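Student: See query30.cif below, with mmCIF, C-alpha atoms and all ligand atoms.
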data_upload
loop_
_atom_site.label_atom_id
_atom_site.label_comp_id
_atom_site.auth_asym_id
_atom_site.auth_seq_id
_atom_site.Cartn_x
_atom_site.Cartn_y
_atom_site.Cartn_z
CA MET A 3 125.29 90.90 103.96
CA GLN A 4 128.84 92.19 104.16
CA ILE A 5 129.09 95.96 104.31
CA ARG A 6 131.12 95.80 101.11
CA ASN A 7 128.51 93.78 99.25
CA PHE A 8 125.74 96.13 100.00
CA PHE A 9 127.71 99.15 98.88
CA THR A 10 128.24 97.29 95.62
CA LEU A 11 124.51 96.66 95.48
CA LEU A 12 123.95 100.32 96.18
CA LEU A 13 126.16 101.26 93.28
CA ILE A 14 124.27 98.90 91.01
CA LEU A 15 120.97 100.35 92.15
CA LEU A 16 122.18 103.90 91.70
CA PHE A 17 123.48 103.01 88.29
CA CYS A 18 120.16 101.46 87.33
CA SER A 19 118.32 104.57 88.41
CA CYS A 20 120.13 106.52 85.72
CA GLU A 21 119.10 104.18 82.97
CA PRO A 22 116.62 105.73 80.54
CA PHE A 23 113.23 104.19 79.76
CA PHE A 24 114.16 103.20 76.24
CA PRO A 25 117.70 103.49 74.93
CA GLY A 26 118.01 107.09 73.84
CA GLU A 27 114.78 108.16 75.54
CA THR A 28 115.28 111.24 77.69
CA ASP A 29 111.76 112.56 78.08
CA GLY A 30 111.44 113.97 81.63
CA ASP A 31 107.89 112.61 81.78
CA LEU A 32 109.35 109.14 82.04
CA LEU A 33 111.29 109.98 85.17
CA LEU A 34 109.83 110.04 88.65
CA ASP A 35 112.36 112.24 90.37
CA GLY A 36 111.67 115.72 89.03
CA PRO A 37 110.10 118.73 90.78
CA ILE A 38 106.55 119.95 90.30
CA GLU A 39 106.43 122.61 87.60
CA ASP A 40 106.08 126.26 88.57
CA LEU A 41 108.07 126.19 91.80
CA THR A 42 109.59 129.55 92.66
CA LEU A 43 113.34 129.93 92.29
CA SER A 44 113.94 129.60 96.01
CA GLN A 45 111.65 126.57 96.18
CA LYS A 46 113.64 124.99 93.36
CA ALA A 47 116.84 125.59 95.29
CA THR A 48 115.41 123.88 98.38
CA PHE A 49 114.23 120.99 96.18
CA VAL A 50 117.76 120.55 94.83
CA ALA A 51 119.24 120.69 98.33
CA GLY A 52 116.68 118.14 99.55
CA ASP A 53 117.44 115.87 96.59
CA LYS A 54 121.06 115.87 97.73
CA ASN A 55 120.15 115.15 101.34
CA PHE A 56 117.81 112.35 100.20
CA ALA A 57 120.72 110.78 98.31
CA GLU A 58 123.32 111.30 101.07
CA VAL A 59 125.02 108.00 101.84
CA PHE A 60 125.82 107.92 105.56
CA THR A 61 128.96 106.22 106.81
CA LYS A 62 130.22 105.09 110.19
CA GLU A 63 131.96 108.46 110.46
CA SER A 64 128.79 110.47 109.76
CA GLY A 65 126.72 108.46 112.23
CA LEU A 66 125.35 105.48 110.32
CA GLY A 67 123.98 102.81 112.70
CA PRO A 68 125.38 101.19 114.74
CA VAL A 69 122.50 99.07 113.41
CA PHE A 70 120.61 100.11 110.30
CA ASN A 71 118.84 98.86 107.17
CA MET A 72 120.39 100.93 104.40
CA PRO A 73 122.68 103.99 104.39
CA SER A 74 120.60 106.50 102.38
CA CYS A 75 116.95 107.30 101.66
CA ALA A 76 117.60 106.88 97.95
CA SER A 77 119.10 103.41 98.33
CA CYS A 78 115.61 102.10 99.16
CA HIS A 79 113.49 104.66 97.30
CA VAL A 80 115.61 104.36 94.17
CA GLY A 81 114.88 107.12 91.69
CA ASP A 82 111.89 107.94 93.94
CA GLY A 83 110.19 104.81 92.65
CA LYS A 84 109.64 101.55 94.49
CA GLY A 85 112.22 99.52 96.33
CA HIS A 86 114.06 96.45 95.21
CA PRO A 87 113.48 93.33 97.35
CA ALA A 88 117.17 93.44 98.32
CA THR A 89 116.41 96.56 100.37
CA ASN A 90 113.18 95.31 101.98
CA LEU A 91 112.92 95.89 105.68
CA THR A 92 111.40 93.61 108.32
CA ARG A 93 109.24 94.33 111.37
CA PHE A 94 108.49 91.66 113.93
CA GLY A 95 106.59 90.90 117.11
CA ARG A 96 104.62 88.32 119.01
CA ASP A 97 100.88 87.88 119.38
CA MET A 98 100.28 87.36 123.09
CA GLY A 99 96.58 86.53 122.65
CA GLY A 100 93.67 88.48 124.09
CA GLY A 101 94.27 91.35 121.69
CA HIS A 102 97.76 92.06 123.05
CA PHE A 103 100.67 92.28 120.61
CA ASP A 104 104.23 92.46 121.93
CA TYR A 105 106.62 94.45 119.73
CA MET A 106 109.55 92.75 121.49
CA GLU A 107 111.42 95.98 122.15
CA SER A 108 113.79 94.33 124.61
CA GLN A 109 114.87 92.07 121.75
CA GLY A 110 115.27 94.76 119.13
CA GLY A 111 111.69 95.11 117.92
CA PRO A 112 109.70 96.39 116.23
CA GLN A 113 112.12 96.81 113.30
CA LEU A 114 114.92 94.44 112.41
CA GLN A 115 118.02 96.47 111.61
CA ASN A 116 119.79 93.71 109.72
CA ARG A 117 122.99 95.59 108.96
CA SER A 118 125.57 97.18 111.21
CA ILE A 119 128.80 99.12 111.20
CA PRO A 120 132.00 97.06 111.36
CA GLY A 121 132.70 95.62 114.81
CA TYR A 122 129.10 95.79 116.00
CA PRO A 123 126.56 92.94 115.65
CA ALA A 124 123.55 93.40 113.38
CA GLU A 125 120.17 92.31 114.69
CA THR A 126 118.79 88.87 113.99
CA LEU A 127 115.19 87.74 114.25
CA PRO A 128 114.57 86.53 117.82
CA ILE A 129 112.78 83.25 118.37
CA GLY A 130 109.12 83.33 119.30
CA THR A 131 107.93 85.84 116.70
CA THR A 132 104.42 85.24 115.37
CA GLY A 133 104.13 88.25 113.10
CA VAL A 134 106.89 89.10 110.67
CA SER A 135 106.13 91.83 108.18
CA ILE A 136 108.35 92.35 105.17
CA ARG A 137 108.06 95.82 103.64
CA SER A 138 109.31 97.09 100.34
CA ALA A 139 109.84 100.81 99.88
CA PRO A 140 106.86 102.58 98.30
CA ILE A 141 107.08 105.12 95.50
CA VAL A 142 107.47 108.67 96.86
CA ALA A 143 106.88 110.70 93.67
CA GLY A 144 103.85 112.99 94.02
CA ILE A 145 103.59 112.32 97.73
CA GLY A 146 103.25 116.02 98.64
CA PHE A 147 99.81 115.96 97.03
CA LEU A 148 98.81 113.03 99.25
CA GLU A 149 100.00 114.96 102.29
CA ALA A 150 97.89 117.98 101.29
CA VAL A 151 94.59 116.03 101.15
CA PRO A 152 92.55 117.45 104.04
CA ASP A 153 91.66 115.10 106.89
CA SER A 154 88.00 115.99 106.37
CA LEU A 155 88.08 114.30 102.95
CA LEU A 156 89.59 111.11 104.39
CA ILE A 157 86.98 111.09 107.15
CA ALA A 158 84.26 111.48 104.51
CA LEU A 159 85.70 108.61 102.44
CA ALA A 160 86.02 106.20 105.37
CA ASP A 161 83.12 103.81 105.73
CA PRO A 162 84.19 101.60 108.63
CA ASP A 163 80.83 99.82 108.91
CA ASP A 164 80.29 99.57 105.16
CA SER A 165 77.08 101.56 105.47
CA ASP A 166 76.73 101.76 101.68
CA ALA A 167 76.93 97.93 101.56
CA ASP A 168 79.33 97.71 98.59
CA GLY A 169 81.55 95.25 100.47
CA ILE A 170 84.26 97.88 100.84
CA SER A 171 84.72 99.57 104.20
CA GLY A 172 87.91 101.60 104.52
CA ARG A 173 89.20 102.68 107.92
CA LEU A 174 91.43 105.34 109.36
CA ASN A 175 94.44 104.62 111.55
CA TYR A 176 94.48 107.14 114.41
CA ILE A 177 98.06 107.52 115.59
CA SER A 178 99.53 108.99 118.73
CA ALA A 179 101.49 112.01 117.50
CA PRO A 180 105.18 112.48 118.25
CA ASP A 181 105.94 115.49 120.46
CA PHE A 182 107.38 117.45 117.53
CA PHE A 183 104.17 117.15 115.47
CA ILE A 184 102.61 120.53 114.70
CA PRO A 185 99.02 120.10 113.50
CA LYS A 186 97.93 122.01 110.40
CA PRO A 187 94.50 123.65 110.37
CA HIS A 188 93.06 120.73 108.37
CA HIS A 189 94.20 118.06 110.85
CA ARG A 190 91.47 116.41 112.91
CA SER A 191 92.21 114.56 116.12
CA MET A 192 90.32 111.90 118.00
CA GLY A 193 91.15 111.22 121.62
CA GLY A 194 94.39 113.14 121.08
CA ASN A 195 95.40 110.94 118.13
CA TYR A 196 95.77 112.03 114.51
CA ILE A 197 95.04 110.32 111.21
CA GLY A 198 97.99 108.33 109.87
CA ARG A 199 98.45 108.40 106.10
CA PHE A 200 102.02 107.27 105.27
CA GLY A 201 103.55 103.83 105.55
CA ARG A 202 101.92 100.68 104.30
CA LYS A 203 99.58 100.64 107.28
CA ALA A 204 99.18 104.41 107.54
CA THR A 205 101.24 104.83 110.70
CA THR A 206 102.81 108.25 110.22
CA ILE A 207 100.85 111.47 110.16
CA ASP A 208 102.82 113.71 107.83
CA LEU A 209 106.04 113.76 105.83
CA LEU A 210 108.11 115.20 108.67
CA HIS A 211 106.93 112.39 110.95
CA GLN A 212 107.74 109.79 108.27
CA THR A 213 111.14 111.33 107.47
CA ALA A 214 112.23 111.66 111.10
CA VAL A 215 111.28 108.02 111.74
CA ALA A 216 113.14 106.92 108.59
CA TYR A 217 116.37 108.62 109.66
CA ILE A 218 116.48 106.83 112.99
CA ASP A 219 114.82 103.49 112.22
CA ASP A 220 116.11 102.81 108.71
CA MET A 221 119.57 104.40 108.92
CA GLY A 222 120.38 104.76 112.64
CA ILE A 223 120.78 108.51 112.17
CA THR A 224 119.82 110.68 115.15
CA SER A 225 118.17 114.07 114.60
CA ASP A 226 116.56 116.78 116.70
CA PHE A 227 113.40 114.69 116.42
CA PHE A 228 114.80 111.37 117.63
CA THR A 229 117.88 112.12 119.68
CA SER A 230 118.94 108.66 120.94
CA ASP A 231 120.84 106.19 118.81
CA LEU A 232 119.47 102.76 118.00
CA HIS A 233 121.40 99.78 119.21
CA ASN A 234 121.11 96.03 119.27
CA PRO A 235 119.74 95.24 122.75
CA LEU A 236 120.91 91.65 122.48
CA ALA A 237 124.53 92.82 122.04
CA GLY A 238 124.90 93.92 125.65
CA GLN A 239 125.95 97.31 127.01
CA PHE A 240 125.88 100.11 124.40
CA SER A 241 128.03 103.17 124.87
CA GLY A 242 127.18 105.12 121.74
CA ASP A 243 128.34 104.93 118.13
CA GLY A 244 131.06 107.52 118.77
CA VAL A 245 129.38 110.20 116.66
CA ALA A 246 127.88 113.18 118.47
CA ASP A 247 124.09 113.47 118.32
CA PRO A 248 122.18 114.80 116.46
CA GLU A 249 123.90 113.22 113.47
CA VAL A 250 121.81 115.07 110.90
CA GLY A 251 120.85 118.73 111.19
CA SER A 252 117.31 120.04 111.20
CA ALA A 253 117.96 121.94 107.97
CA ALA A 254 118.77 118.70 106.14
CA VAL A 255 115.62 117.04 107.50
CA ALA A 256 113.54 120.07 106.46
CA ASN A 257 115.11 119.99 102.99
CA VAL A 258 114.21 116.32 102.57
CA VAL A 259 110.64 116.97 103.67
CA PHE A 260 110.39 119.87 101.20
CA TYR A 261 111.87 117.69 98.46
CA LEU A 262 109.27 114.97 99.09
CA ARG A 263 106.47 117.52 99.15
CA THR A 264 107.48 118.99 95.81
CA LEU A 265 108.23 115.83 93.81
CA LYS A 266 106.04 115.90 90.73
CA PRO A 267 103.31 113.30 90.37
CA PRO A 268 104.07 110.54 87.84
CA VAL A 269 102.83 111.52 84.37
CA PRO A 270 100.42 109.02 82.73
CA ARG A 271 101.25 107.84 79.21
CA ASN A 272 99.31 106.45 76.22
CA GLU A 273 96.05 107.91 77.50
CA ASP A 274 94.62 107.97 73.97
CA ASN A 275 95.29 104.31 73.30
CA PRO A 276 91.89 102.54 72.86
CA ASP A 277 92.98 99.56 74.98
CA VAL A 278 94.13 101.85 77.78
CA GLN A 279 90.80 103.69 77.61
CA ALA A 280 88.82 100.45 77.65
CA GLY A 281 90.95 99.21 80.55
CA LYS A 282 90.28 102.37 82.50
CA GLU A 283 86.54 101.88 82.14
CA LEU A 284 86.72 98.23 83.12
CA PHE A 285 88.85 99.18 86.15
CA SER A 286 85.93 101.25 87.45
CA GLU A 287 83.23 98.81 86.34
CA ILE A 288 84.63 95.87 88.29
CA GLY A 289 85.14 97.94 91.45
CA CYS A 290 88.90 98.52 91.50
CA ALA A 291 88.19 102.25 91.70
CA GLY A 292 86.27 101.68 94.95
CA CYS A 293 89.64 101.78 96.73
CA HIS A 294 92.05 102.99 94.04
CA LEU A 295 90.20 106.31 93.69
CA PRO A 296 90.99 107.91 90.33
CA GLN A 297 90.83 111.39 91.88
CA LEU A 298 91.59 113.12 95.14
CA SER A 299 91.82 116.83 95.95
CA THR A 300 94.15 118.86 98.08
CA GLY A 301 93.07 121.67 100.38
CA ASP A 302 95.07 124.67 101.50
CA SER A 303 98.84 124.46 101.45
CA ASP A 304 101.72 126.76 102.31
CA ILE A 305 103.22 125.61 98.99
CA ASP A 306 101.06 127.41 96.40
CA VAL A 307 101.37 124.79 93.67
CA LEU A 308 99.96 122.13 96.01
CA ALA A 309 96.88 124.08 97.09
CA ASN A 310 93.38 123.12 95.95
CA LYS A 311 94.43 120.75 93.18
CA THR A 312 92.74 117.65 91.83
CA PHE A 313 95.12 114.79 91.07
CA SER A 314 95.05 111.09 90.20
CA PRO A 315 96.90 108.88 92.66
CA TYR A 316 94.51 105.88 92.54
CA THR A 317 94.29 105.53 96.31
CA ASP A 318 91.83 106.48 99.04
CA LEU A 319 94.59 106.43 101.70
CA LEU A 320 92.36 104.14 103.78
CA LEU A 321 93.00 100.76 105.38
CA HIS A 322 91.31 97.71 103.90
CA ASP A 323 91.10 94.08 104.93
CA MET A 324 92.86 92.39 102.02
CA GLY A 325 92.27 88.78 103.05
CA ASP A 326 94.45 85.86 104.06
CA GLU A 327 96.97 85.77 101.26
CA LEU A 328 98.14 89.31 101.87
CA ALA A 329 97.81 89.21 105.68
CA ASP A 330 101.05 89.67 107.64
CA HIS A 331 99.50 89.10 111.08
CA TYR A 332 101.28 92.25 112.16
CA PRO A 333 99.05 94.97 113.63
CA GLU A 334 100.22 98.60 113.66
CA GLY A 335 98.15 101.15 115.55
CA GLU A 336 94.55 100.39 114.70
CA ALA A 337 95.52 98.54 111.52
CA THR A 338 95.07 94.79 111.89
CA GLY A 339 97.29 92.03 110.56
CA ARG A 340 94.98 91.79 107.53
CA GLU A 341 94.74 95.47 106.70
CA TRP A 342 96.79 97.58 104.31
CA ARG A 343 96.48 101.15 103.10
CA THR A 344 95.47 101.25 99.44
CA THR A 345 98.66 101.57 97.42
CA PRO A 346 98.66 104.52 95.00
CA LEU A 347 98.89 103.17 91.46
CA TRP A 348 100.42 106.22 89.83
CA GLY A 349 103.85 105.53 88.43
CA LEU A 350 103.08 101.80 88.23
CA GLY A 351 104.40 101.54 84.67
CA LEU A 352 107.51 103.60 85.42
CA ILE A 353 108.91 102.11 88.59
CA LYS A 354 110.66 99.25 86.84
CA ASP A 355 112.95 101.72 85.09
CA THR A 356 114.43 102.87 88.37
CA ILE A 357 115.37 99.37 89.52
CA GLY A 358 116.83 97.68 86.50
CA GLY A 359 113.82 96.76 84.38
CA VAL A 360 111.77 94.49 86.68
CA PRO A 361 109.11 95.94 89.01
CA TYR A 362 108.20 94.33 92.35
CA PHE A 363 104.64 94.77 93.54
CA LEU A 364 102.72 94.49 96.82
CA HIS A 365 103.86 95.44 100.32
CA ASP A 366 106.69 92.92 100.27
CA GLY A 367 107.54 93.07 96.57
CA ARG A 368 106.63 89.40 96.23
CA THR A 369 105.62 89.46 92.56
CA SER A 370 106.38 91.25 89.31
CA ASP A 371 103.19 89.99 87.67
CA LEU A 372 100.18 92.33 87.74
CA THR A 373 97.70 89.50 87.10
CA GLU A 374 99.08 87.73 90.16
CA VAL A 375 98.74 90.97 92.17
CA ILE A 376 95.04 91.09 91.29
CA ARG A 377 94.57 87.36 91.98
CA LEU A 378 96.01 87.88 95.48
CA HIS A 379 93.46 90.63 96.25
CA GLY A 380 91.09 89.08 98.83
CA GLY A 381 88.96 90.36 101.71
CA GLU A 382 87.21 93.59 100.76
CA SER A 383 88.67 93.32 97.27
CA ALA A 384 87.67 89.67 96.67
CA VAL A 385 84.64 90.64 94.60
CA SER A 386 86.53 92.90 92.19
CA SER A 387 89.36 90.39 91.98
CA GLY A 388 86.84 87.66 91.08
CA GLU A 389 85.29 89.90 88.46
CA PHE A 390 88.69 90.50 86.94
CA MET A 391 89.33 86.76 86.72
CA ALA A 392 85.97 86.31 84.97
CA LEU A 393 86.82 88.82 82.22
CA SER A 394 87.99 87.70 78.78
CA ASP A 395 91.73 87.57 78.11
CA GLU A 396 91.40 90.68 75.99
CA GLU A 397 89.62 92.64 78.72
CA GLN A 398 92.15 91.53 81.32
CA SER A 399 94.99 92.70 79.12
CA GLN A 400 93.24 96.05 78.64
CA ILE A 401 93.21 96.56 82.42
CA ILE A 402 96.88 95.62 82.62
CA LYS A 403 97.67 98.07 79.81
CA PHE A 404 95.78 100.76 81.69
CA LEU A 405 97.76 100.03 84.88
CA GLU A 406 101.00 100.19 82.93
CA SER A 407 100.01 103.57 81.48
CA LEU A 408 99.90 105.11 84.95
CA CA A 501 123.90 106.80 114.65
CA CA A 502 115.65 96.85 115.93
CA CA A 503 125.52 108.94 117.66
#
How does this structure look as structure tokens?
Tutor:
Amino acid sequence: MQIRNFFTLLLILLFCSCEPFFPGETDGDLLLDGPIEDLTLSQKATFVAGDKNFAEVFTKESGLGPVFNMPSCASCHVGDGKGHPATNLTRFGRDMGGGHFDYMESQGGPQLQNRSIPGYPAETLPIGTTGVSIRSAPIVAGIGFLEAVPDSLLIALADPDDSDADGISGRLNYISAPDFFIPKPHHRSMGGNYIGRFGRKATTIDLLHQTAVAYIDDMGITSDFFTSDLHNPLAGQFSGDGVADPEVGSAAVANVVFYLRTLKPPVPRNEDNPDVQAGKELFSEIGCAGCHLPQLSTGDSDIDVLANKTFSPYTDLLLHDMGDELADHYPEGEATGREWRTTPLWGLGLIKDTIGGVPYFLHDGRTSDLTEVIRLHGGESAVSSGEFMALSDEEQSQIIKFLESL
């Protein structure tokens, strides 16, 4: 895409993010991008600063690229909801057999930076890839609560060998920590690796890790955490993008992390509607809640309002084999090419409002149809998917209404 076209797209997306739920509707509950209530004044100020940093559109002059995917966090995580397929990013690699996967780093892997600053070539998919994974940006609202869930709870929830024989296992992705990672008291390590919980295959350990990776991999912005610029290795000798590194300061990165941590969880709606209530019960009865856990709890936190809270994200943060139709044949860490981390369902009914009225579901945003999403659930979720399909039309629509109330 021409640099000009995508800035136009960006403007459209930003415009859409301002559009209210219903014409005239201004209820803050319908927006995803507000702060948790009861922040202190200084916390609110940091939230506002982080909001600005999250929305900052980088340019060639401020260090964008030379190769990148999009120029701001908010251009993919529009209104803190889900991404539009136009901003999807691609990872690629090659299965070498014998359990070895080549991330093709000498050819620009693992991530395809498909845009570039003027005068420099963007990356293209090399030949010989066997695993190509298309990723749409997940919702980030409420994500500070997910970060504050203690590792011990995730370890307790994991059931890698399905010892309770309900057909659902749930695994952890132990990740080698970046050198800047500072473990919190709740973090548990195994063989020096820590539990991943962010990203669609749970590959980053905390929100700083995720944010630092996003700056460099998604925008080509160097920081104190990743100090070397990206480049397109197939474009020959690279002598820098002309902007001194680091291109973003540590204060901005810290503000963004604080902003993410203090985004309020999406507020459910229509909870008293009888169909929504019936749908909620059916959701548990047919086993959806086996992975999309209705409740999780946080442990200690240096942010008071996050500490020891129960909340309703509808995820277990674990990896599950989701079957052939959802497989991307792209392993990451211990996650296989068939595994995905359970997507939180909170905000499901609100995300369409941030991207122009149509939501896009699943890791690659391939469908806007919730019934299709459930039909595509295979592997460990095949049983509950089958049970959904066997329900009456009325019961199915009750589950959909429940999902849309989240
Ligand atoms: Ca750069
Ligand atoms: Ca690349
Ligand atoms: Ca630079």
Student: Within 9 Å of Glu334 of chain A, counting only C-alpha atoms, which residues qualify if same-chain residues fewer than 6 places away don't, as a PyMOL selection string?
Tutor: chain A and resi 175+203-205
Student: Ligand CA 503 (chain A): which residues are within 10 Å, counting only C-alpha atoms and all ligand atoms, as a PyMOL selection string?
Tutor: chain A and resi 62-68+222-225+229-232+241-250
Student: Can you list, as an MDAnalysis selection string, every protein, DNA or RNA residue that comes within 8 Å of segment 277-290 of chain A when you count all atoms listed in the file, leaving out same-chain residues fewer than 5 positions away?
Tutor: chainID A and resid 272 383 385:386 389:390 397:404 407
Student: At what distance in Å, to one decimal, does atom CA of His86 of chain A lie from atom CA of Pro267 of chain A?
Tutor: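 Atom CA of Pro267 of chain A sits 20.6 Å away from atom CA of His86 of chain A.
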Student: What does the structure give for the distance between atom CA of Gln239 of chain A and atom CA of Thr131 of chain A, in Å to one decimal?
Tutor: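 One can read the atom CA of Gln239 of chain A to atom CA of Thr131 of chain A distance as 23.7 Å.
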Student: Could you tell me which of A:Asp219, A:Asp31, A:Asp164, A:Glu149 comes closest to ligand CA 502 (chain A) if we count all atoms listed in the file?
Tutor: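 Among A:Asp219, A:Asp31, A:Asp164, A:Glu149, it is A:Asp219 that comes nearest to ligand CA 502 (chain A).
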Student: For a test of reading the model, state the distance in Å between atom CA of ligand CA 502 (chain A) and atom CA of Ala216 of chain A, rounded to one decimal.
Tutor: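 Atom-to-atom, atom CA of ligand CA 502 (chain A) and atom CA of Ala216 of chain A are spaced 12.7 Å apart.
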Student: When distances are computed from all atoms listed in the file, which of A:Ser118, A:Gln109, A:Ser165, A:Ser44 shows the smallest separation from ligand CA 501 (chain A)?
Tutor: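 With all atoms listed in the file as the atom set, the closest residue is A:Ser118.
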Student: Contacts between ligand CA 502 (chain A) and chain A, please, where a residue of chain A counts if it comes within 7 Å (with all atoms listed in the file); show its shortest atom pair and distance in Å to one decimal, rows by chain and ascending number, as a Markdown table.
Tutor:
| residue | atom | partner | partner_atom | distance |
| --- | --- | --- | --- | --- |
| A:Gly110 | CA | A:CA502 | CA | 3.8 |
| A:Gly111 | CA | A:CA502 | CA | 4.8 |
| A:Pro112 | CA | A:CA502 | CA | 6.0 |
| A:Gln113 | CA | A:CA502 | CA | 4.4 |
| A:Leu114 | CA | A:CA502 | CA | 4.3 |
| A:Gln115 | CA | A:CA502 | CA | 4.9 |
| A:Glu125 | CA | A:CA502 | CA | 6.5 |
| A:Asn234 | CA | A:CA502 | CA | 6.5 |
Student: Ranking A:Ile141, A:Val69, A:Val59, A:Leu33 by minimum distance to ligand CA 501 (chain A) and counting only C-alpha atoms and all ligand atoms, which one comes first?
Tutor: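 For ligand CA 501 (chain A), the nearest of the candidates is A:Val69.
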Student: Point out the residue among A:Glu58, A:Tyr217, A:Pro296, A:Pro180 with the least atom-to-atom distance to Asn71 of chain A, counting only C-alpha atoms.
Tutor: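 Closest candidate: A:Tyr217.
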Student: Calculated over all atoms listed in the file, which of the candidates A:Met221, A:Val151, A:Leu236, A:Ala47 has the smallest distance to ligand CA 501 (chain A)?
Tutor: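 Comparing A:Met221, A:Val151, A:Leu236, A:Ala47 against ligand CA 501 (chain A), the winner is A:Met221.
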Student: May I ask which of the residues A:Phe183, A:Phe49, A:Tyr332, A:Tyr122 is the closest one to Asp208 of chain A, counting all atoms listed in the file?
Tutor: A:Phe183
Student: If you count all atoms listed in the file, which residues fall within 7 Å of Arg202 of chain A, apart from same-chain ones fewer than 3 positions away, as a list in words?
Tutor: Trp342, Arg343 and His365 of chain A
Student: Near Ala160 of chain A, counting all atoms listed in the file, which residues have an atom at most 8 Å away, once you skip same-chain residues fewer than 2 positions from it, shown as a list in words?
Tutor: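 That gives Leu156, Ile157, Ala158, Pro162, Ser171, Gly172, Arg173, Leu174 and Leu320 of chain A.
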Student: When you look at Lys84 of chain A with a cut-off of 8 Å (counting all atoms listed in the file), what residues show up, excluding the ones that are within fewer than 4 positions of it in the same chain? I need them as a list in words.
Tutor: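 In the requested format, the answer is Cys78, His79, Val80, Ser138, Ala139, Pro140, Ile141, Val142, Ile353, Thr356, Ile357, Pro361 and Tyr362 of chain A.
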Student: Kindly output segment 281-298 of chain A as a PDB file, in the coordinates of the input, after building N, CA and C atoms.
Tutor:
ATOM      1  N   GLY A 281      90.488  99.730  79.261  1.00  0.00           N
ATOM      2  CA  GLY A 281      90.950  99.210  80.550  1.00  0.00           C
ATOM      3  C   GLY A 281      90.561 100.111  81.702  1.00  0.00           C
ATOM      4  N   LYS A 282      90.639 101.411  81.450  1.00  0.00           N
ATOM      5  CA  LYS A 282      90.280 102.370  82.500  1.00  0.00           C
ATOM      6  C   LYS A 282      88.806 102.238  82.875  1.00  0.00           C
ATOM      7  N   GLU A 283      87.976 102.051  81.859  1.00  0.00           N
ATOM      8  CA  GLU A 283      86.540 101.880  82.140  1.00  0.00           C
ATOM      9  C   GLU A 283      86.256 100.595  82.904  1.00  0.00           C
ATOM     10  N   LEU A 284      86.907  99.517  82.444  1.00  0.00           N
ATOM     11  CA  LEU A 284      86.720  98.230  83.120  1.00  0.00           C
ATOM     12  C   LEU A 284      87.183  98.305  84.584  1.00  0.00           C
ATOM     13  N   PHE A 285      88.281  99.010  84.809  1.00  0.00           N
ATOM     14  CA  PHE A 285      88.850  99.180  86.150  1.00  0.00           C
ATOM     15  C   PHE A 285      87.782  99.740  87.104  1.00  0.00           C
ATOM     16  N   SER A 286      87.013 100.705  86.621  1.00  0.00           N
ATOM     17  CA  SER A 286      85.930 101.250  87.450  1.00  0.00           C
ATOM     18  C   SER A 286      84.756 100.282  87.530  1.00  0.00           C
ATOM     19  N   GLU A 287      84.392  99.700  86.372  1.00  0.00           N
ATOM     20  CA  GLU A 287      83.230  98.810  86.340  1.00  0.00           C
ATOM     21  C   GLU A 287      83.334  97.643  87.306  1.00  0.00           C
ATOM     22  N   ILE A 288      84.514  97.050  87.424  1.00  0.00           N
ATOM     23  CA  ILE A 288      84.630  95.870  88.290  1.00  0.00           C
ATOM     24  C   ILE A 288      85.020  96.249  89.727  1.00  0.00           C
ATOM     25  N   GLY A 289      85.015  97.531  90.045  1.00  0.00           N
ATOM     26  CA  GLY A 289      85.140  97.940  91.450  1.00  0.00           C
ATOM     27  C   GLY A 289      86.549  98.231  91.938  1.00  0.00           C
ATOM     28  N   CYS A 290      87.536  98.189  91.058  1.00  0.00           N
ATOM     29  CA  CYS A 290      88.900  98.520  91.500  1.00  0.00           C
ATOM     30  C   CYS A 290      88.945  99.961  92.028  1.00  0.00           C
ATOM     31  N   ALA A 291      88.172 100.833  91.351  1.00  0.00           N
ATOM     32  CA  ALA A 291      88.190 102.250  91.700  1.00  0.00           C
ATOM     33  C   ALA A 291      87.507 102.532  93.034  1.00  0.00           C
ATOM     34  N   GLY A 292      86.859 101.509  93.620  1.00  0.00           N
ATOM     35  CA  GLY A 292      86.270 101.680  94.950  1.00  0.00           C
ATOM     36  C   GLY A 292      87.310 101.974  96.009  1.00  0.00           C
ATOM     37  N   CYS A 293      88.526 101.485  95.807  1.00  0.00           N
ATOM     38  CA  CYS A 293      89.640 101.780  96.730  1.00  0.00           C
ATOM     39  C   CYS A 293      90.701 102.632  96.038  1.00  0.00           C
ATOM     40  N   HIS A 294      91.051 102.236  94.811  1.00  0.00           N
ATOM     41  CA  HIS A 294      92.050 102.990  94.040  1.00  0.00           C
ATOM     42  C   HIS A 294      91.339 104.159  93.379  1.00  0.00           C
ATOM     43  N   LEU A 295      90.982 105.170  94.181  1.00  0.00           N
ATOM     44  CA  LEU A 295      90.200 106.310  93.690  1.00  0.00           C
ATOM     45  C   LEU A 295      90.946 107.052  92.597  1.00  0.00           C
ATOM     46  N   PRO A 296      90.309 107.216  91.428  1.00  0.00           N
ATOM     47  CA  PRO A 296      90.990 107.910  90.330  1.00  0.00           C
ATOM     48  C   PRO A 296      91.300 109.373  90.667  1.00  0.00           C
ATOM     49  N   GLN A 297      90.551 109.978  91.582  1.00  0.00           N
ATOM     50  CA  GLN A 297      90.830 111.390  91.880  1.00  0.00           C
ATOM     51  C   GLN A 297      90.735 111.705  93.359  1.00  0.00           C
ATOM     52  N   LEU A 298      91.664 112.535  93.807  1.00  0.00           N
ATOM     53  CA  LEU A 298      91.590 113.120  95.140  1.00  0.00           C
ATOM     54  C   LEU A 298      91.863 114.616  94.982  1.00  0.00           C
TER      55      LEU A 298
END
